[in-house]
2 protein chains.
Amino acid sequence: MKCMGGAEIFGQGKSAEYVCQVIEGAVRSCKHLSDGRRQISAFHLNGDIFGLENGNSHRFAAEAIIDSTVRILDRRSIDVAADTDLLVSHELLDLTTESLQHAEDHMLLLGRKSSIERVAAFLLEMDRRLAARGIVTLPMTRRDIADYLGLTIETVSRTLSMLRDSGILRFQSETQRKIQLLDRHRLAELDC
Amino acid sequence: MKCMGGAEIFGQGKSAEYVCQVIEGAVRSCKHLSDGRRQISAFHLNGDIFGLENGNSHRFAAEAIIDSTVRILDRRSIDVAADTDLLVSHELLDLTTESLQHAEDHMLLLGRKSSIERVAAFLLEMDRRLAARGIVTLPMTRRDIADYLGLTIETVSRTLSMLRDSGILRFQSETQRKIQLLDRHRLAELDC
DNA sequence: CGGTGGGTTGAGGTATTTCAAGGCTCGTGG
DNA sequence: CCACGAGCCTTGAAATACCTCAACCCACCG
């Protein structure tokens with residue numbers, strides 16, 4: 001399925017009839033509060049599976065960040081497979097555990113880290129997940145980053161500027177979405 | 001197994017040979033940073049299972065909050081059971097999903113909620129999990145609460161005082177660990 | 001061209017933290 | 001029995017990290 005950037009793939013609380021996989025593009029999972037506050041719990045990039053639920057409704061909204069291609073898998077056939085095949089069942093557990101692990105690390109970040117540490121951790125995560133040779137091409141806006149890190153766009157922007165000024169990174173393009181990491185070692189120290 | 005309050009049940013990064021269940025008492029799962037910062041990701045109360053891992057080391061430290069009785073289950077026999085029995089495998093997935101769901105909700109709290117909202121959410125969670133008729137007897141200290149909510153002890157204390165002064169709760173004992181919720185409806189509104 | 005969306009930067013405000021002091025309870029030992 | 005210290009909690013005052021508000025720049029697009 002093709003999704004335009006910004007399109008909602010499924011809404012929070014909607015019936016979980018499908019499970020999805022990113023083929024190409026980027027997707028965010030987020031929780032919305034009624035007053036507009038938002039927390040992004042994860043970004044899903046090439047190959048990532050998302051929208052896996054145990055209950056029958058999605059605990060998140062999923063939205064395409066940029067134009068994306070998403071594979072739709074039928075929920076029921078997965079359930080059936082998991083109920084008969086131990087390998088599938090094991091695979092589901094692995095996927096869920098991976099999400100849990102990420103969530104646990106993210107709780108530490110959100111609860112206890114400074115803005116610099118958060119941004120550093122974010123850059124390293126993205127470098128690990130989508131970089132080609134230290135150049136990170138971010139699909140998401142500053143707002144997405146802020147809602148992922150529990151900060152405001154201004155704080156994210158200021159922190160990136162600070163890292164630029166101290167020689168740890170460089171902006172490679174006009175739109176500020178291509179970032180070259182010049183000193184991953186110092187970044188890793190900041191991440192603590 | 002009997003554990004004294006404050007005792008470490010297993011350490012962060014330690015080999016995950018056992019899975020545990022709280023029989024009586026209370027346990028915290030936490031991540032420590034080298035500089036002493038700490039994030040508690042969950043409290044485990046009567047009946048709760050914790051220390052379940054997919055990899056071979058614990059991603060957390062687990063510590064008894066008060067004197068507790070913990071049942072120790074052998075990790076390998078669980079793995080074996082999961083590899084042969086679909087019911088066990090399904091049960092493991094359920095437990096992991098439950099943790100994940102809690103972690104996701106907690107990320108929203110840590111990333112986007114005010115101190116009042118955090119404390120309100122905490123009180124409601126504890127009320128749901130261990131209250132007898134609106135009286136919550138907290139096993140944990142203010143420090144534990146603070147490290148769970150991503151706040152300082154002073155902020156937790158001030159927020160509780162504020163809720164007391166506005167008639168939403170009352171302290172029932174000298175040690176401030178017994179809290180009577182007088183107006184759960186208003187608390188739920190604060191939680192948003 | 002003008003409008004819109006994304007990003008940066010500055011100035012000022014504020015929620016929360018930090019630092020400091022004091023109260024209460026409890027256990028220990030003289 | 002009382003003194004003492006330790007641990008836990010509260011409260012106040014001051015500091016600060018981060019947020020809010022506002023202005024501006026730039027790229028893109030109809």
# chains A, B, ... in the order shown; residues from 1 in each chain; ligands from 1
>>> interface_residues(of="chain D", to="chain A", cutoff="9 Å", atoms="only C-alpha atoms (C1' of nucleotides)", output="list in words")
DA17, DC18, DC19, DC26 and DA27 of chain D
>>> select_by_dssp(residues="chain B", states="alpha helix (DSSP H)", output="JSON, numbers by chain")
{"B": [75, 76, 77, 78, 79, 80, 81, 82, 83, 84, 86, 87, 88, 89, 90, 91, 92, 93, 94, 95, 96, 97, 98, 99, 100, 101, 102, 103, 104, 105, 106, 107, 108, 109, 110, 111, 112, 115, 116, 117, 118, 119, 120, 121, 122, 123, 124, 125, 126, 127, 128, 129, 130, 142, 143, 144, 145, 146, 147, 148, 149, 153, 154, 155, 156, 157, 158, 159, 160, 161, 162, 163, 164, 165, 184, 185, 186, 187, 188, 189, 190, 191]}
>>> closest_atom_pairs(of="chain A", to="chain B", cutoff="9 Å", atoms="only C-alpha atoms", output="Markdown table")
| residue | atom | partner | partner_atom | distance |
| --- | --- | --- | --- | --- |
| A:Lys31 | CA | B:Leu108 | CA | 7.2 |
| A:His32 | CA | B:Leu108 | CA | 8.8 |
| A:Leu33 | CA | B:Cys192 | CA | 7.8 |
| A:Ser34 | CA | B:Cys192 | CA | 8.3 |
| A:Arg37 | CA | B:Arg112 | CA | 6.8 |
| A:Arg38 | CA | B:Arg112 | CA | 7.2 |
| A:Gln39 | CA | B:Leu108 | CA | 5.4 |
| A:Ile40 | CA | B:Leu108 | CA | 8.1 |
| A:Ser41 | CA | B:Glu104 | CA | 6.9 |
| A:Glu53 | CA | B:Thr97 | CA | 8.0 |
| A:Asn54 | CA | B:Thr97 | CA | 6.8 |
| A:Arg59 | CA | B:Gln101 | CA | 7.9 |
| A:Ala82 | CA | B:His90 | CA | 8.4 |
| A:Asp83 | CA | B:Leu86 | CA | 6.7 |
| A:Thr84 | CA | B:Leu86 | CA | 7.5 |
| A:Asp85 | CA | B:Leu86 | CA | 8.1 |
| A:Leu86 | CA | B:Leu86 | CA | 6.6 |
| A:Leu87 | CA | B:Asp83 | CA | 8.5 |
| A:Ser89 | CA | B:Ser89 | CA | 6.9 |
| A:His90 | CA | B:Ser89 | CA | 7.4 |
| A:Leu92 | CA | B:Leu93 | CA | 7.6 |
| A:Leu93 | CA | B:Leu93 | CA | 5.5 |
| A:Asp94 | CA | B:Asn54 | CA | 7.2 |
| A:Thr96 | CA | B:Thr97 | CA | 6.7 |
| A:Thr97 | CA | B:Thr96 | CA | 6.7 |
| A:Glu98 | CA | B:Asn54 | CA | 8.8 |
| A:Ser99 | CA | B:Leu100 | CA | 7.3 |
| A:Leu100 | CA | B:Leu100 | CA | 5.1 |
| A:Gln101 | CA | B:Arg59 | CA | 7.9 |
| A:Ala103 | CA | B:Ala103 | CA | 6.1 |
| A:Glu104 | CA | B:Ala103 | CA | 6.7 |
| A:Asp105 | CA | B:Lys31 | CA | 8.6 |
| A:His106 | CA | B:Met107 | CA | 7.3 |
| A:Met107 | CA | B:Met107 | CA | 5.7 |
| A:Leu108 | CA | B:Gln39 | CA | 5.4 |
| A:Leu109 | CA | B:Gln39 | CA | 8.8 |
| A:Leu110 | CA | B:Gly111 | CA | 5.4 |
| A:Gly111 | CA | B:Gly150 | CA | 4.2 |
| A:Arg112 | CA | B:Gly150 | CA | 6.0 |
| A:Lys113 | CA | B:Arg37 | CA | 8.8 |
| A:Asp147 | CA | B:Gly111 | CA | 7.9 |
| A:Tyr148 | CA | B:Gly111 | CA | 8.0 |
| A:Leu149 | CA | B:Gly111 | CA | 7.0 |
| A:Gly150 | CA | B:Gly111 | CA | 4.2 |
| A:Leu151 | CA | B:Gly111 | CA | 7.6 |
| A:Cys192 | CA | B:Leu33 | CA | 7.9 |
>>> residues_around(residues="Gly134 of chain A", least_positions_apart="4", cutoff="8 Å", atoms="only C-alpha atoms (C1' of nucleotides)", output="ChimeraX atom specification")
/A:127,180-182
>>> select_by_dssp(residues="segment 1-176 of chain B", states="strand (DSSP E or B)", output="PyMOL selection string")
chain B and resi 2-3+8-10+15+18-24+27-32+38-44+49-50+57+61-64+68-74+132+135-137+169-171
>>> closest_atom_pairs(of="chain A", to="chain C", cutoff="8 Å", atoms="only C-alpha atoms (C1' of nucleotides)", output="tab-separated table")
residue	atom	partner	partner_atom	distance
A:Thr141	CA	C:DG6	C1'	7.6
A:Arg142	CA	C:DG7	C1'	8.0
A:Ser157	CA	C:DT8	C1'	6.9
A:Arg158	CA	C:DT8	C1'	7.8
A:Thr175	CA	C:DG7	C1'	7.7
A:Gln176	CA	C:DG7	C1'	7.7
>>> atom_distance(atom1="atom CA of Arg164 of chain A", atom2="atom CA of Ile145 of chain A")
16.9 Å
